[in-house]
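Novice: Let me begin by handing over the structure; questions about it come next.
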Amino acid sequence: MAPASEYTLYCFAQSGNAYKPALMLELAGADWQPRFVDFFNGETRTPAYRAINVMGEVPVLEHRGRHLAQSGAILDYLAETTGRFGPADPDERREIMRWLLFDNHKLTSYTATYRFMRAFVKAPDPALLQEFGKRAEAAWRVLNAHLDGRTFIVADRPTIADLSLCGYLYFDDEIGVDWNMYPHGRDWLARLRALPRWTHPYELMPGHPRPAVT
(Lines give C-alpha, C1' and ligand atoms only; values in the text may rest on other atoms or scores of the structure.)
Protein backbone atom coordinates (compact mmCIF):
# COMPACT_ATOMS: atom_id res chain seq x y z
CA MET A 1 0.00 0.00 0.00
CA ALA A 2 1.43 3.36 -1.04
CA PRO A 3 2.16 5.81 1.77
CA ALA A 4 -0.24 8.71 2.21
CA SER A 5 0.70 12.02 0.65
CA GLU A 6 1.84 14.87 2.88
CA TYR A 7 -1.14 17.05 1.96
CA THR A 8 -4.72 15.95 1.31
CA LEU A 9 -7.11 18.42 -0.29
CA TYR A 10 -10.85 17.85 -0.04
CA CYS A 11 -12.07 19.07 -3.41
CA PHE A 12 -14.07 18.47 -6.57
CA ALA A 13 -13.36 19.52 -10.13
CA GLN A 14 -16.06 22.16 -10.50
CA SER A 15 -15.00 24.15 -7.43
CA GLY A 16 -12.96 27.23 -8.23
CA ASN A 17 -12.32 27.77 -4.54
CA ALA A 18 -10.80 24.30 -4.29
CA TYR A 19 -8.80 24.96 -7.45
CA LYS A 20 -6.94 27.80 -5.72
CA PRO A 21 -5.02 25.57 -3.23
CA ALA A 22 -4.96 22.64 -5.67
CA LEU A 23 -3.16 24.80 -8.23
CA MET A 24 -0.77 26.09 -5.60
CA LEU A 25 0.09 22.59 -4.42
CA GLU A 26 0.67 21.51 -8.01
CA LEU A 27 2.76 24.55 -8.97
CA ALA A 28 4.85 24.12 -5.82
CA GLY A 29 5.50 20.46 -6.63
CA ALA A 30 4.11 19.46 -3.24
CA ASP A 31 3.37 15.88 -2.26
CA TRP A 32 -0.41 16.04 -2.32
CA GLN A 33 -3.48 14.06 -3.18
CA PRO A 34 -7.09 15.07 -3.84
CA ARG A 35 -9.91 13.63 -1.77
CA PHE A 36 -13.07 13.80 -3.90
CA VAL A 37 -16.04 15.48 -2.24
CA ASP A 38 -19.37 14.52 -3.82
CA PHE A 39 -20.83 18.02 -3.56
CA PHE A 40 -23.62 17.58 -6.10
CA ASN A 41 -24.99 14.57 -4.22
CA GLY A 42 -24.98 16.41 -0.91
CA GLU A 43 -21.83 15.15 0.83
CA THR A 44 -20.99 18.56 2.32
CA ARG A 45 -24.35 18.54 4.12
CA THR A 46 -23.71 15.24 5.90
CA PRO A 47 -22.84 15.05 9.63
CA ALA A 48 -19.59 13.27 8.74
CA TYR A 49 -18.45 16.13 6.53
CA ARG A 50 -19.66 18.80 8.96
CA ALA A 51 -17.45 17.13 11.57
CA ILE A 52 -14.50 17.94 9.29
CA ASN A 53 -15.70 21.46 8.39
CA VAL A 54 -18.63 22.88 10.30
CA MET A 55 -19.15 25.39 7.47
CA GLY A 56 -19.99 22.53 5.11
CA GLU A 57 -17.76 23.90 2.37
CA VAL A 58 -14.93 22.92 0.06
CA PRO A 59 -11.94 23.14 0.16
CA VAL A 60 -10.47 21.62 3.29
CA LEU A 61 -6.75 20.98 3.60
CA GLU A 62 -5.55 18.12 5.80
CA HIS A 63 -1.93 18.43 6.91
CA ARG A 64 -0.06 17.22 9.98
CA GLY A 65 -3.24 16.58 11.94
CA ARG A 66 -4.80 19.91 11.00
CA HIS A 67 -7.95 20.53 8.99
CA LEU A 68 -7.93 24.02 7.49
CA ALA A 69 -10.91 25.58 5.72
CA GLN A 70 -11.40 28.68 3.54
CA SER A 71 -9.22 29.04 0.47
CA GLY A 72 -7.52 32.27 1.55
CA ALA A 73 -6.44 30.82 4.89
CA ILE A 74 -5.25 27.65 3.15
CA LEU A 75 -3.22 29.62 0.62
CA ASP A 76 -1.59 31.63 3.41
CA TYR A 77 -0.76 28.41 5.26
CA LEU A 78 0.67 26.78 2.14
CA ALA A 79 2.83 29.82 1.44
CA GLU A 80 4.33 29.29 4.87
CA THR A 81 4.75 25.51 4.72
CA THR A 82 5.98 25.27 1.11
CA GLY A 83 7.98 28.50 1.07
CA ARG A 84 6.39 29.42 -2.27
CA PHE A 85 4.19 32.27 -3.52
CA GLY A 86 4.27 34.19 -0.25
CA PRO A 87 5.16 37.81 0.55
CA ALA A 88 8.72 39.10 0.56
CA ASP A 89 8.07 41.69 3.29
CA PRO A 90 5.25 43.10 5.45
CA ASP A 91 4.15 45.56 2.77
CA GLU A 92 3.68 42.74 0.26
CA ARG A 93 1.81 40.71 2.87
CA ARG A 94 -0.70 43.51 3.39
CA GLU A 95 -1.10 43.99 -0.36
CA ILE A 96 -1.66 40.27 -0.83
CA MET A 97 -4.26 40.36 1.94
CA ARG A 98 -5.99 43.28 0.24
CA TRP A 99 -6.41 41.28 -2.96
CA LEU A 100 -7.41 38.09 -1.16
CA LEU A 101 -10.19 40.03 0.54
CA PHE A 102 -11.26 41.66 -2.73
CA ASP A 103 -11.32 38.26 -4.38
CA ASN A 104 -13.41 36.59 -1.70
CA HIS A 105 -15.81 39.50 -1.25
CA LYS A 106 -16.21 40.65 -4.85
CA LEU A 107 -14.53 38.77 -7.69
CA THR A 108 -15.06 35.15 -6.65
CA SER A 109 -18.29 35.90 -4.84
CA TYR A 110 -20.02 37.34 -7.90
CA THR A 111 -18.25 35.30 -10.58
CA ALA A 112 -18.88 31.97 -8.87
CA THR A 113 -22.57 32.74 -8.31
CA TYR A 114 -23.00 33.93 -11.89
CA ARG A 115 -21.25 30.88 -13.29
CA PHE A 116 -23.26 28.51 -11.05
CA MET A 117 -26.53 29.97 -12.30
CA ARG A 118 -25.42 29.80 -15.95
CA ALA A 119 -23.86 26.33 -15.86
CA PHE A 120 -25.62 24.37 -13.15
CA VAL A 121 -29.12 25.82 -12.67
CA LYS A 122 -31.72 24.53 -15.11
CA ALA A 123 -33.84 27.69 -15.26
CA PRO A 124 -32.15 30.61 -13.49
CA ASP A 125 -34.09 33.75 -12.69
CA PRO A 126 -33.25 36.12 -15.58
CA ALA A 127 -33.18 39.19 -13.34
CA LEU A 128 -30.81 37.56 -10.87
CA LEU A 129 -28.62 36.29 -13.69
CA GLN A 130 -28.39 39.79 -15.15
CA GLU A 131 -27.62 41.37 -11.77
CA PHE A 132 -24.85 38.95 -10.89
CA GLY A 133 -23.46 39.26 -14.40
CA LYS A 134 -23.17 43.02 -13.90
CA ARG A 135 -21.47 42.59 -10.54
CA ALA A 136 -19.02 40.03 -11.94
CA GLU A 137 -18.20 42.31 -14.87
CA ALA A 138 -17.51 45.20 -12.49
CA ALA A 139 -15.02 43.02 -10.59
CA TRP A 140 -13.37 41.92 -13.85
CA ARG A 141 -12.94 45.58 -14.81
CA VAL A 142 -11.22 46.33 -11.49
CA LEU A 143 -8.86 43.39 -12.03
CA ASN A 144 -8.17 44.40 -15.63
CA ALA A 145 -7.41 48.01 -14.66
CA HIS A 146 -5.06 46.92 -11.87
CA LEU A 147 -3.11 44.69 -14.26
CA ASP A 148 -2.47 47.50 -16.75
CA GLY A 149 1.33 47.73 -16.76
CA ARG A 150 1.75 44.89 -14.24
CA THR A 151 2.97 41.34 -14.79
CA PHE A 152 1.32 39.89 -11.69
CA ILE A 153 -1.04 41.18 -9.01
CA VAL A 154 1.37 42.25 -6.26
CA ALA A 155 4.95 41.72 -7.37
CA ASP A 156 7.03 40.80 -10.41
CA ARG A 157 6.35 37.16 -9.59
CA PRO A 158 3.18 35.19 -8.88
CA THR A 159 1.92 35.13 -5.30
CA ILE A 160 -1.06 33.63 -3.54
CA ALA A 161 -2.97 36.77 -4.60
CA ASP A 162 -2.71 35.61 -8.22
CA LEU A 163 -3.64 32.03 -7.34
CA SER A 164 -6.70 33.21 -5.46
CA LEU A 165 -7.97 35.66 -8.07
CA CYS A 166 -7.65 33.22 -10.98
CA GLY A 167 -9.63 30.48 -9.25
CA TYR A 168 -12.85 30.82 -11.27
CA LEU A 169 -11.52 32.57 -14.35
CA TYR A 170 -10.42 29.51 -16.31
CA PHE A 171 -14.06 28.42 -16.53
CA ASP A 172 -14.49 31.11 -19.18
CA ASP A 173 -16.84 29.06 -21.39
CA GLU A 174 -19.17 28.41 -18.46
CA ILE A 175 -19.00 32.05 -17.37
CA GLY A 176 -19.61 33.17 -20.93
CA VAL A 177 -16.85 35.76 -20.90
CA ASP A 178 -14.57 36.83 -23.75
CA TRP A 179 -11.32 37.75 -22.03
CA ASN A 180 -10.32 39.76 -25.09
CA MET A 181 -12.64 42.40 -23.64
CA TYR A 182 -10.27 42.54 -20.64
CA PRO A 183 -6.85 42.37 -22.35
CA HIS A 184 -4.69 42.91 -19.27
CA GLY A 185 -6.57 40.16 -17.43
CA ARG A 186 -6.36 37.93 -20.52
CA ASP A 187 -2.58 38.31 -20.72
CA TRP A 188 -2.20 37.73 -16.97
CA LEU A 189 -4.21 34.49 -17.19
CA ALA A 190 -1.95 33.42 -20.06
CA ARG A 191 1.16 34.11 -17.95
CA LEU A 192 -0.21 31.94 -15.16
CA ARG A 193 -1.15 29.24 -17.65
CA ALA A 194 2.47 29.24 -18.88
CA LEU A 195 3.87 28.44 -15.41
CA PRO A 196 5.45 24.97 -15.14
CA ARG A 197 2.93 22.40 -13.84
CA TRP A 198 -0.11 24.64 -14.47
CA THR A 199 -3.15 22.42 -14.95
CA HIS A 200 -6.79 23.22 -15.70
CA PRO A 201 -9.17 22.54 -12.78
CA TYR A 202 -11.02 19.84 -14.71
CA GLU A 203 -7.76 17.95 -15.14
CA LEU A 204 -6.30 18.68 -11.71
CA MET A 205 -9.19 17.60 -9.47
CA PRO A 206 -11.57 14.61 -9.60
CA GLY A 207 -15.24 14.74 -10.55
CA HIS A 208 -15.31 15.90 -14.18
CA PRO A 209 -17.37 15.38 -16.17
CA ARG A 210 -20.36 15.19 -13.89
CA PRO A 211 -22.61 12.15 -14.40
CA ALA A 212 -25.66 12.88 -16.50
CA VAL A 213 -28.75 13.82 -14.52
CA THR A 214 -31.41 11.13 -14.87
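Within each chain, counting starts at residue 1; across the C-alpha coordinates, chains are named A, B, ... in the order shown, with ligands numbered 1 upward in that order.
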Per DSSP on the backbone, filter region 32-127 of chain A down to the residues in alpha helix (DSSP H) and report them as a count of residues only.
Specialist: 46
Novice: Excluding same-chain residues fewer than 5 positions from region 97-109 of chain A, what lies within 6 Å of it counting only C-alpha atoms, as a PyMOL selection string?
Specialist: chain A and resi 139+161+165
Novice: What's around Phe85 (chain A) at 6 Å? Count only C-alpha atoms, leave out sequence neighbours fewer than 6 positions away in its own chain, and write the answer as a VMD selection string.
Specialist: chain A and resid 79 159 to 160
Novice: Could you tell me which of A:Val177, A:Phe171, A:Ile96, A:Val58 comes closest to Ala136 (chain A) if we count only C-alpha atoms?
Specialist: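 Of the candidates, the smallest distance to Ala136 (chain A) is held by A:Val177.
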Novice: Please, which residues in region 28-139 of chain A fall within 8 Å of region 3-15 of chain A when counting only C-alpha atoms, and what is the closest atom pair and distance in Å to one decimal for each, ordered by chain then residue number, as CSV?
Specialist:
residue,atom,partner,partner_atom,distance
A:Ala30,CA,A:Tyr7,CA,7.8
A:Asp31,CA,A:Glu6,CA,5.5
A:Trp32,CA,A:Tyr7,CA,4.5
A:Gln33,CA,A:Thr8,CA,5.0
A:Pro34,CA,A:Leu9,CA,4.9
A:Arg35,CA,A:Tyr10,CA,4.7
A:Phe36,CA,A:Cys11,CA,5.4
A:Val37,CA,A:Cys11,CA,5.5
A:Asp38,CA,A:Phe12,CA,7.2
A:Phe39,CA,A:Phe12,CA,7.4
A:Val58,CA,A:Cys11,CA,5.9
A:Pro59,CA,A:Tyr10,CA,5.4
A:Val60,CA,A:Tyr10,CA,5.0
A:Leu61,CA,A:Leu9,CA,4.7
A:Glu62,CA,A:Thr8,CA,5.1
A:His63,CA,A:Tyr7,CA,5.2
A:Arg64,CA,A:Glu6,CA,7.7
Novice: Quick one: of A:Gly72, A:Asp187, A:Gly16, A:Lys122, who's nearest to Asp148 (chain A), counting only C-alpha atoms?
Specialist: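 With only C-alpha atoms as the atom set, the closest residue is A:Asp187.
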Novice: Could I get the residues of region 114-140 of chain A with an atom no further than 12 Å from an atom of region 181-186 of chain A, each paired with its nearest atom pair and that distance in Å to one decimal, using only C-alpha atoms, sorted by chain and residue number, as CSV?
Specialist:
residue,atom,partner,partner_atom,distance
A:Glu137,CA,A:Tyr182,CA,9.8
A:Ala138,CA,A:Tyr182,CA,11.2
A:Ala139,CA,A:Tyr182,CA,11.1
A:Trp140,CA,A:Tyr182,CA,7.5
Novice: Store the residues picked out above, limited to N, CA, C and O atoms, as a PDB file, in the first residue's frame.
Specialist:
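Output saved as out.pdb:
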ATOM      1  N   GLU A 137     -18.897  41.472 -13.880  1.00  0.00           N
ATOM      2  CA  GLU A 137     -18.199  42.306 -14.868  1.00  0.00           C
ATOM      3  C   GLU A 137     -17.517  43.497 -14.207  1.00  0.00           C
ATOM      4  O   GLU A 137     -16.403  43.880 -14.608  1.00  0.00           O
ATOM      5  N   ALA A 138     -18.141  44.080 -13.199  1.00  0.00           N
ATOM      6  CA  ALA A 138     -17.511  45.198 -12.486  1.00  0.00           C
ATOM      7  C   ALA A 138     -16.221  44.751 -11.812  1.00  0.00           C
ATOM      8  O   ALA A 138     -15.212  45.464 -11.829  1.00  0.00           O
ATOM      9  N   ALA A 139     -16.236  43.555 -11.229  1.00  0.00           N
ATOM     10  CA  ALA A 139     -15.025  43.025 -10.586  1.00  0.00           C
ATOM     11  C   ALA A 139     -13.952  42.720 -11.626  1.00  0.00           C
ATOM     12  O   ALA A 139     -12.760  42.969 -11.389  1.00  0.00           O
ATOM     13  N   TRP A 140     -14.346  42.199 -12.788  1.00  0.00           N
ATOM     14  CA  TRP A 140     -13.365  41.921 -13.846  1.00  0.00           C
ATOM     15  C   TRP A 140     -12.717  43.222 -14.329  1.00  0.00           C
ATOM     16  O   TRP A 140     -11.523  43.235 -14.640  1.00  0.00           O
TER      17      TRP A 140
END
Novice: Can you work out the spacing between CA of Gly42 (chain A) and CA of Glu57 (chain A) in Å, to one decimal?
Specialist: 10.9 Å
Novice: Skipping near chain neighbours, those fewer than 5 positions away, what residues fall within 10 Å of Gly83 (chain A) using only C-alpha atoms, listed as a PDB file with N, CA and C atoms, in the first residue's frame?
Specialist:
ATOM      1  N   ALA A  28       3.749  24.227  -6.774  1.00  0.00           N
ATOM      2  CA  ALA A  28       4.850  24.123  -5.816  1.00  0.00           C
ATOM      3  C   ALA A  28       5.518  22.755  -5.850  1.00  0.00           C
ATOM      4  N   TYR A  77      -1.441  29.510   4.572  1.00  0.00           N
ATOM      5  CA  TYR A  77      -0.757  28.412   5.265  1.00  0.00           C
ATOM      6  C   TYR A  77       0.223  27.709   4.324  1.00  0.00           C
ATOM      7  N   LEU A  78      -0.205  27.463   3.092  1.00  0.00           N
ATOM      8  CA  LEU A  78       0.673  26.784   2.136  1.00  0.00           C
ATOM      9  C   LEU A  78       1.873  27.642   1.753  1.00  0.00           C
TER      10      LEU A  78
END
Novice: If you run DSSP on this backbone, which residues of region 5-199 of chain A come out as strand (DSSP E or B), and could you give them as a PyMOL selection string?
Specialist: chain A and resi 7-11+32-36+60-63+66-69
Novice: Could you tell me how far CA of Gly56 (chain A) sits from CA of Asp173 (chain A), in Å to one decimal place?
Specialist: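 Result for CA of Asp173 (chain A) versus CA of Gly56 (chain A): 27.5 Å, one decimal.
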